[in-house]
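Structure first, commentary second.
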Amino acid sequence: MQAGMDTGTAYGRPRPTYRRDLTEVSAGTPMGELLRRYWHPVALSTDAGTIPCRVRALGEDLILFRDGRGRPGLLYPRCAHRGTTLYYAKIEDRGIRCCYHGWLYDVQGHCLEQPCEQGGGPRRDKVRQPWYPLEERYGLVFAYLGPPDKKPLLPRYDCLEELAPGEFVEPDDSSIGSGGPLIAPCNWLQHWENVVDPFHVPVLHGSFSGAQFTALMGIMPKVEFSTTARGVKVESWRELDGGQVHHRITEAVCPTLRVVPNPRVASYQKVESLGWVLPIDDTHYRIYTAGRVTERGGLQEIRSRQGGKRWDELTPQEQRQFPGDYEAQTGQGEITFHSEEHFAASDKGVALLRRFMENQLMVVAAGGDPAGTAFAEADACVRFDAGNYLIESAARSPA
Ligand code: FES
Ligand SMILES: [Fe+2]
């Protein structure tokens, strides 16, 4: 080496790589198979209607509809006859009728009619249009894309079941919490990890973007991270004037739940809403939300970015000048290069979450049932710790 030579230049750096096992979601991949052991919201209940609706989830294109008897259905789009898409189909009382030769399928893919065949198709029982099970709850349509013999119960969540007088549960499909448009062009994990990254709050949301939430959230917190039975929990303490302490608990819950109390801290209570990060494919995600509100549209109040504007109301200059979660996470690239990361102590939540998910991958690979999958009604209600709480004495915060 020449004396005085600068090292560490960008020249000759290693080719960057990412963790395929943690990020990729197609069927047959490790994470794709783990995610397929859970129910995921794929639409609002109101989207399932008499017009076939395109759905893309976990890298699969599907068609959602609701038959004339009110049953929602989710089918593989390519008709089992000769493969045209059911997007152009008509919905009838008993199911969905392909536009090309009129084969009629019910919500479980049974072929009920083949009108071009003698006698309506005596061999129609031999055909099954690929389908997935659906359930509706909280105004959302949940789909199970996994192995039928491993299908868990659709969980209930305490924060959406225990309502105060005047409260009701509102669904939302506008990707609340992403800080950006409906569909974000990056890997789902980049967003989900952010849930357990409390130190970005005073920086990204408290100084770069101005006080995006409240002045309170701009205070650098004391933080503790822990792994729970269902994911990773972050506790943040902020000292308030007068000796009170704001105790905030946020959770990332397997498979993709964001359990994030209102960052505007409108009141001190258990978490108000749940977000499900839906991996659309390896490089796109969106968020479905359900939350307790007292007025229709109440969930939208937590969407604003800069100066009360939503992301789509900001100019490109404002988006650059006042970056939020959307800019920071899409700024990591379509799938971030894990080989180029340098973790510090403040990244402990992200490290714990990756380890938690690695363990779940191993459970599934070994033939087990991953965290939080319940098969008996008594186990299917989830209680969260998350919320914004006010505690009286600084003595309860860590040193
Ligand atoms: S391609 Fe659908 S009925 Fe022929
Ligand atoms: Fe954020």
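Identifiers for the structure tokens are assigned positionally: chains receive A, B, ... in sequence, residues are indexed from 1 per chain, and ligands are indexed from 1 in the order shown.
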- Item | Residues within 10 Å of ligand 2, counting only C-alpha atoms and all ligand atoms, as a count of residues only | 25
Could the residues of chain A that have an atom at most 9 Å from ligand 1 be listed as a tab-separated table, each with its closest atom pair and the distance in Å to one decimal, counting only C-alpha atoms and all ligand atoms and ordered by chain and ascending residue number?
residue	atom	partner	partner_atom_place_in_ligand_line	distance
A:Arg78	CA	ligand 1	2 (Fe)	7.8
A:Cys79	CA	ligand 1	2 (Fe)	4.6
A:Ala80	CA	ligand 1	2 (Fe)	6.5
A:His81	CA	ligand 1	1 (S)	4.7
A:Arg82	CA	ligand 1	1 (S)	4.0
A:Gly83	CA	ligand 1	1 (S)	4.9
A:Thr84	CA	ligand 1	1 (S)	4.8
A:Thr85	CA	ligand 1	2 (Fe)	7.5
A:Leu86	CA	ligand 1	2 (Fe)	7.4
A:Ala89	CA	ligand 1	2 (Fe)	8.6
A:Arg97	CA	ligand 1	3 (S)	7.7
A:Cys98	CA	ligand 1	2 (Fe)	4.7
A:Cys99	CA	ligand 1	2 (Fe)	6.4
A:Tyr100	CA	ligand 1	4 (Fe)	4.7
A:His101	CA	ligand 1	3 (S)	3.7
A:Gly102	CA	ligand 1	3 (S)	4.7
A:Trp103	CA	ligand 1	3 (S)	4.4
A:Leu104	CA	ligand 1	3 (S)	7.8
A:Gln114	CA	ligand 1	3 (S)	7.5
A:Pro115	CA	ligand 1	3 (S)	8.8
A:Cys116	CA	ligand 1	3 (S)	8.8
- Message: Need to verify the contact set: A:Gly146, 9 Å, only C-alpha atoms, exclusion of same-chain residues closer than 2 positions in sequence. Can you return it as a ChimeraX atom specification?
- Response: /A:27,33-39,132,144,148-151
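Counting only C-alpha atoms and comparing A:Glu235, A:Glu224, A:Asp6, A:Glu272, the residue that lies closest to A:Asp158 is A:Glu272.
Atom pair atom CA of A:His247 / atom CA of A:Val271: separated by 12.3 Å.
The residue that comes closest to A:Gly32, out of A:Leu163, A:Leu58, A:Ala345, A:Ala290 and on the basis of only C-alpha atoms, is A:Leu58.
Remark: for A:Leu390, the closest of the candidate residues A:Gly243, A:Arg264, A:Asp47, A:Phe142 is A:Gly243 (distances computed over only C-alpha atoms).
On the backbone of this structure, DSSP gives strand (DSSP E) within stretch 199-251 of chain A to Lys222, Val223, Glu224, Phe225, Ser226, Thr227, Gly231, Val232, Lys233, Val234, Glu235, Ser236, Trp237, Arg238, Glu239, Val245, His246, His247, Arg248, Ile249, Thr250 and Glu251 of chain A.
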- Which residues, written as a PyMOL selection string, have at least one atom at most 9 Å from A:Glu60, with only C-alpha atoms counted and residues fewer than 3 positions away on the same chain left out? chain A and resi 26-27+55-57+76+280-281
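Shortest separation to A:Pro370 among A:Gly139, A:Pro255, A:Gly242, A:Gly119 occurs at residue A:Pro255, atoms counted being only C-alpha atoms.
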- Do a neighbour search on A:Ile335 at 7 Å with only C-alpha atoms, toss out local chain neighbours closer than 3 positions, and write the hits as a PyMOL selection string. chain A and resi 186-187+283
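Residue nearest A:Asp385, chosen from A:Ala371, A:Leu240, A:Ala366, A:Cys159 and counting only C-alpha atoms: A:Cys159.
Once stretch 292-299 of chain A and its same-chain neighbours fewer than 4 positions away are set aside, A:Gly166, A:Glu167, A:Phe168, A:Val169, A:Glu272 remain within 6 Å of it when counting only C-alpha atoms.
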Go ahead and dump the residues you just picked, N, CA and C atoms, as a PDB file, in the first residue's frame.
ATOM      1  N   GLY A 166     -70.183   4.158  21.951  1.00  0.00           N
ATOM      2  CA  GLY A 166     -70.026   5.109  20.842  1.00  0.00           C
ATOM      3  C   GLY A 166     -68.927   4.736  19.870  1.00  0.00           C
ATOM      4  N   GLU A 167     -68.095   3.760  20.237  1.00  0.00           N
ATOM      5  CA  GLU A 167     -67.011   3.363  19.325  1.00  0.00           C
ATOM      6  C   GLU A 167     -67.479   2.260  18.380  1.00  0.00           C
ATOM      7  N   PHE A 168     -66.911   2.249  17.183  1.00  0.00           N
ATOM      8  CA  PHE A 168     -67.116   1.136  16.269  1.00  0.00           C
ATOM      9  C   PHE A 168     -65.809   0.919  15.510  1.00  0.00           C
ATOM     10  N   VAL A 169     -65.712  -0.222  14.846  1.00  0.00           N
ATOM     11  CA  VAL A 169     -64.476  -0.559  14.127  1.00  0.00           C
ATOM     12  C   VAL A 169     -64.625  -0.156  12.662  1.00  0.00           C
ATOM     13  N   GLU A 272     -55.161   1.923  19.337  1.00  0.00           N
ATOM     14  CA  GLU A 272     -56.465   2.190  18.726  1.00  0.00           C
ATOM     15  C   GLU A 272     -56.701   1.396  17.445  1.00  0.00           C
TER      16      GLU A 272
END
